[in-house]
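**Student:** Sharing structure31.txt here; it has compact mmCIF, C-alpha atoms.
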# COMPACT_ATOMS: atom_id res chain seq x y z
CA MET A 1 0.00 0.00 0.00
CA ARG A 2 2.80 2.34 0.77
CA ARG A 3 4.04 2.08 -2.75
CA ARG A 4 0.61 2.86 -4.06
CA ASP A 5 0.39 5.86 -1.82
CA LEU A 6 3.56 7.18 -3.32
CA LEU A 7 2.14 6.74 -6.74
CA ALA A 8 -1.00 8.67 -6.00
CA GLY A 9 0.38 11.71 -7.74
CA LEU A 10 0.71 9.63 -10.88
CA GLY A 11 -2.92 8.81 -10.67
CA SER A 12 -2.15 5.17 -10.08
CA ALA A 13 -3.48 4.73 -6.60
CA GLY A 14 -5.59 1.70 -6.24
CA VAL A 15 -4.62 -0.17 -9.37
CA ILE A 16 -5.17 -3.88 -9.27
CA ALA A 17 -3.33 -4.51 -12.49
CA GLY A 18 -5.79 -7.04 -13.76
CA GLY A 19 -6.23 -10.12 -11.66
CA GLY A 20 -5.61 -12.50 -14.51
CA ALA A 21 -2.19 -11.16 -15.25
CA VAL A 22 -1.47 -11.65 -11.61
CA ALA A 23 -2.26 -15.31 -11.70
CA ALA A 24 -0.46 -15.90 -14.96
CA PHE A 25 2.79 -14.43 -13.86
CA GLY A 26 2.52 -16.15 -10.55
CA VAL A 27 4.18 -13.33 -8.69
CA PRO A 28 2.78 -12.06 -5.44
CA SER A 29 2.70 -8.41 -6.34
CA PRO A 30 2.35 -7.88 -10.06
CA ALA A 31 1.10 -4.38 -9.51
CA ALA A 32 4.51 -3.48 -8.22
CA VAL A 33 6.19 -5.36 -11.02
CA THR A 34 4.30 -3.74 -13.82
CA GLU A 35 4.26 -0.34 -12.28
CA GLN A 36 8.00 -0.45 -11.98
CA GLU A 37 8.23 -0.44 -15.73
CA ASP A 38 6.13 2.70 -15.80
CA ASP A 39 7.54 4.74 -13.00
CA GLY A 40 11.08 3.38 -12.64
CA ASP A 41 12.17 6.26 -14.79
CA ASP A 42 8.79 7.72 -15.08
CA SER A 43 8.93 8.97 -18.60
CA SER A 44 11.83 7.73 -20.64
CA GLY A 45 9.26 6.46 -23.13
CA ILE A 46 8.50 9.91 -24.47
CA VAL A 47 11.98 11.35 -23.98
CA GLY A 48 13.84 11.44 -27.27
CA LYS A 49 10.69 11.59 -29.36
CA GLN A 50 10.16 14.36 -31.84
CA HIS A 51 6.95 15.75 -33.30
CA ASP A 52 6.36 18.50 -35.81
CA PRO A 53 5.35 21.86 -34.38
CA TYR A 54 1.61 22.02 -33.73
CA GLU A 55 -0.16 25.34 -33.55
CA ILE A 56 -2.60 25.97 -30.74
CA GLU A 57 -4.60 28.97 -29.62
CA THR A 58 -3.65 30.96 -26.57
CA VAL A 59 -5.98 32.68 -24.15
CA ASP A 60 -6.19 36.23 -22.90
CA ALA A 61 -5.37 35.93 -19.18
CA PRO A 62 -2.75 37.25 -16.77
CA GLY A 63 0.66 36.64 -18.37
CA SER A 64 -1.04 35.26 -21.48
CA GLU A 65 -2.12 36.95 -24.70
CA ALA A 66 -4.79 35.77 -27.08
CA GLY A 67 -3.16 34.45 -30.24
CA THR A 68 -1.40 31.29 -31.27
CA VAL A 69 1.77 29.46 -30.34
CA ARG A 70 3.55 26.60 -32.03
CA VAL A 71 4.50 23.67 -29.82
CA PRO A 72 7.33 23.11 -29.82
CA THR A 73 8.29 26.59 -30.89
CA PRO A 74 10.88 26.17 -33.66
CA ASP A 75 14.41 26.98 -32.53
CA ARG A 76 13.36 27.66 -28.96
CA PRO A 77 13.31 25.34 -25.97
CA THR A 78 9.68 24.80 -25.00
CA PHE A 79 8.15 23.76 -21.70
CA VAL A 80 4.56 22.55 -21.49
CA ASP A 81 2.51 21.83 -18.38
CA PHE A 82 -0.64 19.85 -19.15
CA PHE A 83 -3.46 20.58 -16.72
CA ALA A 84 -7.19 20.71 -16.19
CA THR A 85 -9.16 23.00 -13.94
CA TRP A 86 -11.02 20.00 -12.47
CA CYS A 87 -7.75 18.39 -11.45
CA SER A 88 -6.97 19.16 -7.84
CA PRO A 89 -3.28 18.18 -8.00
CA CYS A 90 -3.02 20.74 -10.81
CA ILE A 91 -3.94 23.44 -8.34
CA LYS A 92 -1.25 22.19 -6.03
CA GLN A 93 1.16 22.34 -8.96
CA MET A 94 0.63 26.04 -9.65
CA ASP A 95 3.01 27.43 -7.02
CA ALA A 96 5.96 25.43 -8.27
CA LEU A 97 5.11 26.36 -11.83
CA ALA A 98 5.10 30.03 -10.89
CA THR A 99 8.49 29.71 -9.25
CA ALA A 100 9.94 27.76 -12.16
CA HIS A 101 8.51 30.30 -14.58
CA GLU A 102 10.23 33.14 -12.74
CA ARG A 103 13.52 31.32 -12.92
CA VAL A 104 13.56 30.29 -16.58
CA SER A 105 11.08 32.45 -18.44
CA ASP A 106 13.84 34.29 -20.31
CA GLU A 107 15.19 31.11 -21.76
CA VAL A 108 12.21 28.99 -22.65
CA VAL A 109 8.75 29.21 -24.17
CA PHE A 110 6.71 28.38 -21.08
CA LEU A 111 3.09 27.38 -21.23
CA SER A 112 0.26 25.51 -19.58
CA VAL A 113 -2.14 23.66 -21.85
CA THR A 114 -5.66 22.38 -21.22
CA THR A 115 -7.97 20.32 -23.41
CA GLU A 116 -11.04 21.59 -21.63
CA SER A 117 -13.97 23.04 -23.46
CA ILE A 118 -14.86 25.66 -20.89
CA SER A 119 -15.23 29.35 -21.63
CA ASP A 120 -12.21 31.64 -21.68
CA ALA A 121 -13.81 33.53 -18.81
CA GLU A 122 -14.00 30.43 -16.63
CA LEU A 123 -10.44 29.55 -17.51
CA ARG A 124 -9.31 33.10 -16.75
CA ASP A 125 -11.04 33.02 -13.37
CA TRP A 126 -9.28 29.80 -12.46
CA TRP A 127 -5.99 31.24 -13.67
CA VAL A 128 -6.39 34.40 -11.58
CA GLU A 129 -7.45 32.45 -8.54
CA HIS A 130 -4.36 30.28 -8.69
CA ASP A 131 -1.93 33.06 -9.60
CA GLY A 132 -1.06 31.92 -13.08
CA ASN A 133 1.15 34.40 -14.89
CA TRP A 134 2.29 32.78 -18.13
CA THR A 135 0.83 31.59 -21.44
CA ILE A 136 -2.23 29.34 -21.46
CA GLY A 137 -2.73 27.23 -24.56
CA LEU A 138 -5.87 25.41 -25.70
CA ASP A 139 -5.86 21.88 -27.05
CA PRO A 140 -9.56 21.23 -27.64
CA THR A 141 -9.04 17.99 -29.56
CA ALA A 142 -6.34 16.73 -27.19
CA GLU A 143 -4.05 16.23 -30.17
CA LEU A 144 -1.08 17.96 -28.55
CA THR A 145 -1.78 16.35 -25.19
CA SER A 146 -1.92 12.96 -26.84
CA ARG A 147 1.37 13.48 -28.69
CA TYR A 148 3.26 14.35 -25.54
CA TRP A 149 1.53 11.97 -23.15
CA GLY A 150 0.16 14.98 -21.31
CA THR A 151 -2.07 12.88 -19.06
CA PRO A 152 -2.63 12.04 -16.28
CA TYR A 153 -2.75 15.64 -15.13
CA PRO A 154 -0.59 17.35 -14.27
CA SER A 155 2.14 16.18 -16.62
CA ALA A 156 4.95 18.25 -18.05
CA VAL A 157 7.46 18.01 -20.87
CA SER A 158 10.48 20.03 -21.86
CA ILE A 159 11.46 20.06 -25.51
CA ASP A 160 14.76 21.33 -26.86
CA ALA A 161 15.26 23.84 -29.67
CA SER A 162 15.45 21.06 -32.25
CA GLY A 163 12.07 19.70 -31.16
CA THR A 164 13.25 16.65 -29.23
CA VAL A 165 11.63 15.84 -25.90
CA ARG A 166 14.31 15.96 -23.22
CA TRP A 167 12.30 15.43 -20.06
CA SER A 168 8.83 14.55 -18.94
CA ASP A 169 7.14 13.77 -15.66
CA SER A 170 3.66 13.15 -14.31
CA GLY A 171 2.23 14.14 -10.97
CA VAL A 172 2.97 17.16 -8.82
CA LYS A 173 6.56 18.34 -9.18
CA THR A 174 8.58 20.77 -7.09
CA ALA A 175 9.95 23.96 -8.65
CA ASP A 176 13.44 22.44 -8.53
CA GLU A 177 12.28 19.35 -10.37
CA LEU A 178 10.59 21.47 -13.01
CA VAL A 179 13.64 23.66 -13.47
CA ALA A 180 15.94 20.63 -13.63
CA GLY A 181 13.71 19.17 -16.32
CA ILE A 182 13.68 22.42 -18.26
CA GLU A 183 17.46 22.68 -17.95
CA ARG A 184 17.80 19.38 -19.78
CA ALA A 185 16.11 21.00 -22.73
CA LEU A 186 18.21 24.14 -22.36
CA GLU A 187 21.46 22.19 -22.26
CA ALA A 188 20.46 20.17 -25.28
CA SER A 189 19.60 23.40 -27.07
CA GLU A 190 23.01 25.02 -26.69
CA PRO A 191 24.67 25.39 -30.08
CA ALA A 192 27.56 23.12 -29.15
CA ASN A 193 25.16 20.30 -28.35
CA GLY A 194 22.20 21.18 -30.42
CA ALA A 195 23.77 21.59 -33.85
CA GLU A 196 22.42 18.97 -36.17
CA MET B 1 8.42 -16.30 -29.52
CA ASP B 2 9.69 -16.53 -33.09
CA ARG B 3 6.39 -15.36 -34.38
CA ARG B 4 6.37 -12.47 -32.02
CA THR B 5 9.85 -11.43 -32.95
CA TYR B 6 8.94 -11.52 -36.59
CA LEU B 7 5.78 -9.53 -36.02
CA GLY B 8 7.70 -7.03 -34.02
CA THR B 9 9.78 -6.12 -37.01
CA VAL B 10 6.81 -5.89 -39.31
CA GLY B 11 5.25 -3.56 -36.81
CA MET B 12 2.55 -1.05 -37.49
CA THR B 13 3.66 -0.13 -40.98
CA GLY B 14 2.40 -3.42 -42.31
CA LEU B 15 -0.89 -2.91 -40.57
CA ALA B 16 -1.43 0.57 -41.83
CA SER B 17 -1.14 -0.57 -45.40
CA VAL B 18 -3.98 -3.03 -45.02
CA ALA B 19 -6.14 -0.76 -42.95
CA GLY B 20 -8.80 -0.70 -45.61
CA CYS B 21 -9.32 -4.45 -45.57
CA LEU B 22 -11.79 -4.54 -42.73
CA GLY B 23 -12.90 -8.01 -41.87
CA ASP B 24 -10.75 -9.39 -44.59
CA THR B 25 -8.43 -12.22 -43.72
CA LEU B 26 -5.77 -10.47 -45.74
CA GLY B 27 -5.70 -7.95 -42.91
CA GLY B 28 -2.53 -8.48 -40.97
CA GLY B 29 -3.85 -10.17 -37.83
CA THR B 30 -5.03 -13.65 -37.15
CA SER B 31 -8.03 -14.64 -39.19
CA ASP B 32 -10.39 -12.98 -36.71
CA THR B 33 -8.53 -9.77 -36.07
CA VAL B 34 -7.05 -6.90 -37.99
CA LEU B 35 -4.31 -6.22 -35.46
CA GLU B 36 -1.44 -8.59 -34.88
CA PRO B 37 -1.07 -10.22 -31.47
CA PRO B 38 0.54 -7.79 -29.05
CA GLU B 39 4.31 -7.80 -28.91
CA GLN B 40 4.28 -8.12 -25.17
CA GLN B 41 2.61 -11.18 -23.79
CA ARG B 42 0.76 -10.43 -20.58
CA GLY B 43 -0.19 -13.87 -19.46
CA ASP B 44 -3.78 -15.00 -19.56
CA PRO B 45 -5.93 -12.53 -17.70
CA LEU B 46 -9.58 -13.18 -16.93
CA TYR B 47 -10.66 -10.35 -19.17
CA PRO B 48 -10.67 -11.00 -22.91
CA ILE B 49 -7.55 -10.07 -24.82
CA HIS B 50 -6.46 -10.19 -28.46
CA GLY B 51 -8.41 -12.78 -30.41
CA ASP B 52 -10.93 -13.53 -27.64
CA ASP B 53 -14.65 -13.06 -28.02
CA PHE B 54 -15.90 -10.05 -26.14
CA PRO B 55 -18.56 -11.25 -23.66
CA GLU B 56 -22.26 -10.79 -24.28
CA PHE B 57 -23.78 -8.07 -22.14
CA SER B 58 -26.90 -6.01 -21.85
CA VAL B 59 -26.66 -2.78 -19.89
CA ARG B 60 -28.66 0.43 -19.86
CA ASP B 61 -27.36 3.51 -21.61
CA PRO B 62 -28.75 6.05 -19.14
CA LEU B 63 -28.57 9.05 -21.46
CA ALA B 64 -30.40 7.37 -24.31
CA ASP B 65 -32.43 5.51 -21.69
CA GLU B 66 -32.30 2.22 -23.52
CA MET B 67 -30.75 -1.16 -23.05
CA LEU B 68 -27.64 -1.80 -25.05
CA SER B 69 -26.33 -5.26 -25.86
CA LEU B 70 -23.14 -6.40 -27.49
CA GLU B 71 -25.05 -7.01 -30.72
CA ASP B 72 -26.54 -3.51 -30.65
CA VAL B 73 -23.12 -2.02 -30.21
CA ILE B 74 -21.13 -3.92 -32.77
CA ASP B 75 -23.69 -3.97 -35.54
CA GLU B 76 -20.95 -3.64 -38.13
CA ARG B 77 -18.76 -1.30 -36.18
CA PRO B 78 -15.87 -1.71 -33.76
CA PHE B 79 -15.94 -0.21 -30.30
CA VAL B 80 -13.63 0.95 -27.56
CA ILE B 81 -14.62 0.32 -23.95
CA THR B 82 -13.34 1.32 -20.53
CA TYR B 83 -14.53 0.82 -16.97
CA PHE B 84 -14.59 3.71 -14.52
CA TYR B 85 -16.42 5.68 -11.85
CA ALA B 86 -16.83 9.40 -11.83
CA SER B 87 -15.83 9.95 -8.19
CA CYS B 88 -12.41 8.44 -8.85
CA PRO B 89 -10.26 10.57 -6.54
CA ASP B 90 -6.83 10.09 -8.06
CA GLY B 91 -7.26 10.98 -11.70
CA MET B 92 -6.99 7.42 -12.91
CA CYS B 93 -10.50 7.10 -14.31
CA GLN B 94 -10.28 10.57 -15.74
CA GLN B 95 -7.21 9.39 -17.61
CA LEU B 96 -9.14 6.43 -19.00
CA LEU B 97 -11.86 8.76 -20.25
CA GLN B 98 -9.25 11.06 -21.75
CA HIS B 99 -8.12 8.23 -24.01
CA LEU B 100 -11.68 7.82 -25.26
CA ARG B 101 -12.12 11.53 -25.49
CA ARG B 102 -9.12 11.81 -27.83
CA ILE B 103 -10.38 8.90 -29.92
CA GLN B 104 -13.72 10.69 -30.17
CA ALA B 105 -12.05 13.90 -31.28
CA ASP B 106 -10.04 12.04 -33.89
CA ALA B 107 -13.17 10.25 -35.13
CA LEU B 108 -15.02 13.56 -35.47
CA GLU B 109 -12.07 15.19 -37.18
CA SER B 110 -11.58 12.37 -39.65
CA GLY B 111 -15.25 11.60 -40.15
CA TYR B 112 -15.40 8.04 -38.87
CA GLU B 113 -17.59 8.80 -35.87
CA ASP B 114 -20.42 6.67 -37.27
CA ASP B 115 -18.12 3.71 -37.79
CA LEU B 116 -17.20 3.37 -34.16
CA ALA B 117 -18.82 3.15 -30.73
CA LEU B 118 -17.29 4.40 -27.48
CA LEU B 119 -18.42 2.77 -24.24
CA ALA B 120 -17.75 3.79 -20.66
CA PHE B 121 -19.05 1.34 -18.05
CA THR B 122 -19.56 2.75 -14.55
CA PHE B 123 -19.19 0.37 -11.63
CA ASP B 124 -20.59 3.02 -9.30
CA PRO B 125 -24.13 3.53 -10.62
CA ASP B 126 -25.38 4.51 -7.14
CA ARG B 127 -23.51 7.78 -7.49
CA ASP B 128 -23.14 7.84 -11.26
CA THR B 129 -26.71 8.68 -12.14
CA ALA B 130 -27.62 9.75 -15.65
CA ASP B 131 -27.23 13.41 -14.70
CA ALA B 132 -23.95 12.83 -12.90
CA LEU B 133 -22.58 10.94 -15.89
CA ARG B 134 -23.61 13.68 -18.30
CA THR B 135 -22.00 16.35 -16.16
CA HIS B 136 -18.86 14.32 -15.66
CA GLY B 137 -18.53 13.42 -19.33
CA GLU B 138 -18.94 17.00 -20.44
CA ARG B 139 -16.39 18.12 -17.91
CA MET B 140 -13.99 15.58 -19.39
CA GLY B 141 -14.49 17.27 -22.75
CA ILE B 142 -16.55 14.43 -24.18
CA ASP B 143 -19.49 15.01 -26.50
CA VAL B 144 -21.86 12.69 -24.64
CA ASP B 145 -24.67 13.36 -27.11
CA ALA B 146 -22.70 12.08 -30.07
CA GLY B 147 -24.55 9.01 -31.31
CA HIS B 148 -21.53 6.78 -30.85
CA TRP B 149 -21.01 7.60 -27.17
CA HIS B 150 -22.62 5.34 -24.58
CA PHE B 151 -22.25 5.29 -20.87
CA LEU B 152 -23.19 1.86 -19.55
CA ARG B 153 -24.92 1.94 -16.20
CA PRO B 154 -26.07 -1.19 -14.38
CA GLU B 155 -28.99 -0.63 -12.02
CA ASP B 156 -27.04 -0.70 -8.77
CA ASN B 157 -23.55 -1.17 -7.41
CA GLU B 158 -24.03 -4.81 -6.53
CA THR B 159 -25.12 -5.64 -10.06
CA ALA B 160 -22.25 -3.59 -11.41
CA LYS B 161 -19.68 -5.44 -9.34
CA THR B 162 -21.05 -8.83 -10.33
CA MET B 163 -21.15 -7.87 -13.97
CA LEU B 164 -17.67 -6.43 -13.89
CA LYS B 165 -16.29 -9.58 -12.36
CA GLU B 166 -18.34 -12.28 -14.01
CA THR B 167 -18.99 -10.79 -17.41
CA PHE B 168 -15.99 -8.59 -18.08
CA GLY B 169 -13.46 -10.48 -15.96
CA LEU B 170 -12.29 -7.52 -13.93
CA PRO B 171 -11.78 -7.52 -10.16
CA LEU B 172 -13.22 -4.72 -8.07
CA ARG B 173 -12.79 -3.89 -4.43
CA ARG B 174 -14.77 -1.28 -2.63
CA ASN B 175 -12.90 0.64 0.06
CA ASP B 176 -14.98 2.33 2.69
CA GLY B 177 -13.72 5.24 4.66
CA GLU B 178 -10.25 6.24 5.63
CA SER B 179 -7.75 3.71 4.36
CA THR B 180 -7.75 4.67 0.71
CA ALA B 181 -7.30 8.37 1.19
CA THR B 182 -3.90 9.26 -0.14
CA SER B 183 -1.91 12.37 0.44
CA ASP B 184 -3.03 13.69 -2.91
CA ASN B 185 -6.60 12.79 -2.40
CA GLU B 186 -8.43 15.97 -1.71
CA SER B 187 -11.71 15.11 -3.20
CA THR B 188 -13.25 12.73 -0.72
CA ASP B 189 -16.49 14.35 0.33
CA ALA B 190 -18.70 13.17 3.10
CA ASP B 191 -21.11 11.58 0.67
CA SER B 192 -18.44 9.98 -1.45
CA ALA B 193 -16.51 8.37 1.31
CA TYR B 194 -15.94 5.14 -0.54
CA THR B 195 -13.54 4.51 -3.36
CA PHE B 196 -12.72 1.50 -5.49
CA THR B 197 -9.60 -0.43 -6.18
CA HIS B 198 -10.02 -1.36 -9.82
CA SER B 199 -8.24 -2.15 -13.03
CA ALA B 200 -7.39 0.54 -15.55
CA LEU B 201 -8.35 -1.27 -18.71
CA VAL B 202 -9.26 -0.11 -22.19
CA GLN B 203 -10.24 -2.61 -24.87
CA LEU B 204 -10.64 -2.26 -28.62
CA VAL B 205 -13.15 -4.73 -30.07
CA ASN B 206 -13.84 -5.30 -33.75
CA GLU B 207 -17.18 -5.37 -35.54
CA ARG B 208 -17.40 -9.12 -35.08
CA GLY B 209 -17.11 -8.81 -31.32
CA ILE B 210 -13.55 -10.05 -31.12
CA VAL B 211 -11.02 -8.20 -29.01
CA GLU B 212 -8.33 -6.61 -31.12
CA ARG B 213 -6.36 -5.15 -28.27
CA ALA B 214 -6.52 -4.91 -24.49
CA TYR B 215 -4.60 -2.04 -22.95
CA PRO B 216 -3.94 -2.85 -19.31
CA LYS B 217 -2.82 -0.29 -16.75
CA ALA B 218 -3.98 2.34 -19.15
CA ALA B 219 -3.81 5.14 -16.60
CA THR B 220 -0.08 5.38 -17.19
CA GLN B 221 1.21 6.29 -20.61
CA ARG B 222 4.11 4.27 -21.95
CA ASP B 223 5.35 3.00 -25.28
CA ALA B 224 2.97 0.07 -25.57
CA VAL B 225 -0.04 1.80 -24.06
CA ASN B 226 -0.75 5.44 -24.69
CA THR B 227 -3.46 7.57 -26.21
CA GLN B 228 -1.85 7.75 -29.62
CA VAL B 229 -1.39 4.01 -29.86
CA MET B 230 -5.08 3.61 -29.08
CA VAL B 231 -6.04 6.16 -31.71
CA ASP B 232 -3.81 4.51 -34.30
CA ASP B 233 -5.08 1.02 -33.49
CA THR B 234 -8.67 2.24 -33.59
CA ARG B 235 -8.14 3.80 -36.98
CA THR B 236 -6.62 0.58 -38.24
CA VAL B 237 -9.48 -1.55 -36.97
CA VAL B 238 -12.12 0.86 -38.26
CA GLY B 239 -10.29 0.94 -41.56
CA VAL B 240 -9.72 4.66 -41.82
CA ASP B 241 -7.73 5.55 -44.90
CA GLU B 242 -4.92 7.89 -44.15
Turn this file's structure into C-alpha cells for me.
**Tutor:**
Amino acid sequence: MRRRDLLAGLGSAGVIAGGGAVAAFGVPSPAAVTEQEDDGDDSSGIVGKQHDPYEIETVDAPGSEAGTVRVPTPDRPTFVDFFATWCSPCIKQMDALATAHERVSDEVVFLSVTTESISDAELRDWWVEHDGNWTIGLDPTAELTSRYWGTPYPSAVSIDASGTVRWSDSGVKTADELVAGIERALEASEPANGAE
Amino acid sequence: MDRRTYLGTVGMTGLASVAGCLGDTLGGGTSDTVLEPPEQQRGDPLYPIHGDDFPEFSVRDPLADEMLSLEDVIDERPFVITYFYASCPDGMCQQLLQHLRRIQADALESGYEDDLALLAFTFDPDRDTADALRTHGERMGIDVDAGHWHFLRPEDNETAKTMLKETFGLPLRRNDGESTATSDNESTDADSAYTFTHSALVQLVNERGIVERAYPKAATQRDAVNTQVMVDDTRTVVGVDE
C-alpha cells in the first residue's frame, strides 16, 4: 500500500493490475512489477521523441495573450505543463510552476495547456485564482496532449530547440524538479550540443 | 516467440497498409482480427484479450435511456470500452476517459464517428446517475450526445460489481472510509466516502465482437499503451484511410 500511496500523484493509486495477469505471472505483487516499468524512470518512453510543431490557440489571461503558439516553438526550448481546472493536483502544482517560470522564463517558451472546453472567462477566473502568470494554450481535440503523453494531469514536458523531448514527468513536481527538467532541454539546445 | 519477434519487425507499418481491408483475412492479424497479437505477452488474464470473443452483455445507456447489448453495439462497427467511476479521486478514471475523449475527437475530425462506438461502463451507478454521468462526461471534454457515445450503467452497485467480475473479468474492491485516502486525495467528500480499487483497462473490439487489443494499466502512458497508440489502433481496426 505504501508504494501505491507514493504513486498517488501519478494517478495510479488503487490499481489492481488485472487479476488474470497476476495469476499468470505467478508473482505475489504484479502491480509493483508492472508499475516499476512505468515509474522506474517515469517517462523515458516519451523522452527522445520528436513531433512537428503544432499550432494551438492561446488565451487572454494574466501573463497570457490571445493568439497562437507553435508547440514546440521552432528553434526555442519549449516547456509545457498539461493541466485541467477539475484536477486538484493541478492546483497544487501552480506554485511550483510560478516559481519555475520566474527562474527560466527568459530562456524557454513556457506554457500551460488544457484540453477543456470551458469558456475563456472560466479559464481566466481559475488562472487568476491560482496566480497563473504565463501563457495558457488550448488543445480542444487533445491532439497535442496525446502526442506528448500529457495525461494524467498534471504532466509536463520540456522540448529542446530542435524539437526533441528531453524530459517529462507526471504528478505534482517541485519547482526544482521542473527547473531541472527544463534545464535538460536548455542544455540540449546550446549550439555546441544542439547543432544537427 | 519466433512469431512475435517476426511480427515485431513488421510492426505497425504493415498494418497501416492493409487498414482498408476490414474483416478481410488479408488484414494483418489472425483470421479474426485486424491487429497482430501484441508484442508483449501479458499472461492469460480473466478479461478477454487479443483474439478472444468479447462477452455478451446487456446494460442500460442512461442518457439514451435504452438497453444496449453487445449485438446492438457492434452492428458492423468496432468499439472501444473502458470501466470507470466518476468519483475516482486520483485521476486514474479521468485518464481512461481522456483516451476515449481523444479517440472521439479524432473520429469527429476524420469523419469516422459513425463507424465506431465508445463505451464507458460505470461500476458506481449509485452515485453515477444519468445526470452525474452527463456532467462528468462534459467536464472531461466528451461530446456525450454524439450518437456513438454510450455510458453503460447497471442498475445498482451490486449488479455492477457482479457484472464487472463475471462478465468482463475484472476484479473490483470497494474501500470504505479512511484507508484509501492518499496524500493527494483531496476530493473525498462526506457523501463519497468510498472509493474503489479497480483495473485501468481499455479494450478495442472489432465489428465481429472479437477483441483486437486490451490495454492494461492504461492510466499510465508508456510505449505500448498510450493515447496515440489507441487512436492509431482504432483507426486501423475501423479501416480509416490515411
**Student:** Skipping near chain neighbours, those fewer than 3 positions away, what residues fall within 9 Å of A:Ala185 using only C-alpha atoms, listed as an mmCIF file with C-alpha atoms, in the coordinates of the input?
**Tutor:**
data_model
loop_
_atom_site.group_PDB
_atom_site.id
_atom_site.type_symbol
_atom_site.label_atom_id
_atom_site.label_comp_id
_atom_site.auth_asym_id
_atom_site.auth_seq_id
_atom_site.Cartn_x
_atom_site.Cartn_y
_atom_site.Cartn_z
ATOM 1 C CA PRO A 77 13.310 25.340 -25.970
ATOM 2 C CA THR A 78 9.680 24.800 -25.000
ATOM 3 C CA PHE A 79 8.150 23.760 -21.700
ATOM 4 C CA VAL A 108 12.210 28.990 -22.650
ATOM 5 C CA SER A 158 10.480 20.030 -21.860
ATOM 6 C CA ILE A 159 11.460 20.060 -25.510
ATOM 7 C CA ASP A 160 14.760 21.330 -26.860
ATOM 8 C CA ALA A 161 15.260 23.840 -29.670
ATOM 9 C CA THR A 164 13.250 16.650 -29.230
ATOM 10 C CA VAL A 165 11.630 15.840 -25.900
ATOM 11 C CA ARG A 166 14.310 15.960 -23.220
ATOM 12 C CA TRP A 167 12.300 15.430 -20.060
ATOM 13 C CA GLY A 181 13.710 19.170 -16.320
ATOM 14 C CA ILE A 182 13.680 22.420 -18.260
ATOM 15 C CA ALA A 188 20.460 20.170 -25.280
ATOM 16 C CA SER A 189 19.600 23.400 -27.070
ATOM 17 C CA GLU A 190 23.010 25.020 -26.690
#
**Student:** Kindly determine which residues of chain B lie within 8 Å of chain A, considering all atoms listed in the file, and give the answer as a ChimeraX atom specification.
**Tutor:** /B:42-47,90-92,94-95,98,101-102,105-106,139-141,170-171,180,182-187,196-200,216-217,219-223,226-228
**Student:** Quick one: write out the picked residues with C-alpha atoms as a tab-separated table (two decimals), in the frame of the given file?
**Tutor:**
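Ended up saving to out36.tsv:
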chain	number	residue	atom	x	y	z
B	42	ARG	CA	0.76	-10.43	-20.58
B	43	GLY	CA	-0.19	-13.87	-19.46
B	44	ASP	CA	-3.78	-15.00	-19.56
B	45	PRO	CA	-5.93	-12.53	-17.70
B	46	LEU	CA	-9.58	-13.18	-16.93
B	47	TYR	CA	-10.66	-10.35	-19.17
B	90	ASP	CA	-6.83	10.09	-8.06
B	91	GLY	CA	-7.26	10.98	-11.70
B	92	MET	CA	-6.99	7.42	-12.91
B	94	GLN	CA	-10.28	10.57	-15.74
B	95	GLN	CA	-7.21	9.39	-17.61
B	98	GLN	CA	-9.25	11.06	-21.75
B	101	ARG	CA	-12.12	11.53	-25.49
B	102	ARG	CA	-9.12	11.81	-27.83
B	105	ALA	CA	-12.05	13.90	-31.28
B	106	ASP	CA	-10.04	12.04	-33.89
B	139	ARG	CA	-16.39	18.12	-17.91
B	140	MET	CA	-13.99	15.58	-19.39
B	141	GLY	CA	-14.49	17.27	-22.75
B	170	LEU	CA	-12.29	-7.52	-13.93
B	171	PRO	CA	-11.78	-7.52	-10.16
B	180	THR	CA	-7.75	4.67	0.71
B	182	THR	CA	-3.90	9.26	-0.14
B	183	SER	CA	-1.91	12.37	0.44
B	184	ASP	CA	-3.03	13.69	-2.91
B	185	ASN	CA	-6.60	12.79	-2.40
B	186	GLU	CA	-8.43	15.97	-1.71
B	187	SER	CA	-11.71	15.11	-3.20
B	196	PHE	CA	-12.72	1.50	-5.49
B	197	THR	CA	-9.60	-0.43	-6.18
B	198	HIS	CA	-10.02	-1.36	-9.82
B	199	SER	CA	-8.24	-2.15	-13.03
B	200	ALA	CA	-7.39	0.54	-15.55
B	216	PRO	CA	-3.94	-2.85	-19.31
B	217	LYS	CA	-2.82	-0.29	-16.75
B	219	ALA	CA	-3.81	5.14	-16.60
B	220	THR	CA	-0.08	5.38	-17.19
B	221	GLN	CA	1.21	6.29	-20.61
B	222	ARG	CA	4.11	4.27	-21.95
B	223	ASP	CA	5.35	3.00	-25.28
B	226	ASN	CA	-0.75	5.44	-24.69
B	227	THR	CA	-3.46	7.57	-26.21
B	228	GLN	CA	-1.85	7.75	-29.62
**Student:** To box stretch 197-212 of chain B, take all atoms listed in the file, fit an axis-aligned box, add 5 Å on each side, and give centre and edge lengths in Å to one decimal, as JSON.
**Tutor:**
{"center_x": -12.4, "center_y": -4.8, "center_z": -20.9, "size_x": 20.0, "size_y": 20.6, "size_z": 39.4}
**Student:** Using only C-alpha atoms, find all polymer residues with an atom at most 6 Å away from the point (-15.9, -11.6, -26.7); report them as a ChimeraX atom specification.
**Tutor:** /B:52-55,209-210
**Student:** Can you work out the spacing between atom CA of A:Glu177 and atom CA of A:Asp106 in Å, to one decimal?
**Tutor:** 18.0 Å
**Student:** Calculate how many Å separate atom CA of A:Phe83 from atom CA of A:Ile136, rounding to one decimal.
**Tutor:** 10.0 Å
**Student:** To one decimal place, how far is atom CA of B:Arg127 from atom CA of B:Asp156 in Å?
**Tutor:** 9.3 Å
**Student:** Using all atoms listed in the file, find the one residue out of B:Asp232, B:Glu39, B:Asp72, B:Glu155 that sits nearest to B:Phe121.
**Tutor:**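 Checking each of B:Asp232, B:Glu39, B:Asp72, B:Glu155 against B:Phe121, counting all atoms listed in the file, the winner is B:Glu155.
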**Student:** If you count only C-alpha atoms, which residues fall within 8 Å of stretch 55-57 of chain A, apart from same-chain ones fewer than 3 positions away, as a PyMOL selection string?
**Tutor:** chain A and resi 66-71+137-139
**Student:** Given only C-alpha atoms as the basis, pick out the residue of B:Asp126, B:Glu76, B:Glu158, B:Asp61 nearest to B:Asp145.
**Tutor:**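 Distance minimum relative to B:Asp145 lands on B:Asp61.
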**Student:** Here is a test: counting only C-alpha atoms, which residue of A:Asp75, A:Glu183, A:Met94, A:Gln50 is nearest to A:Val128?
**Tutor:** A:Met94
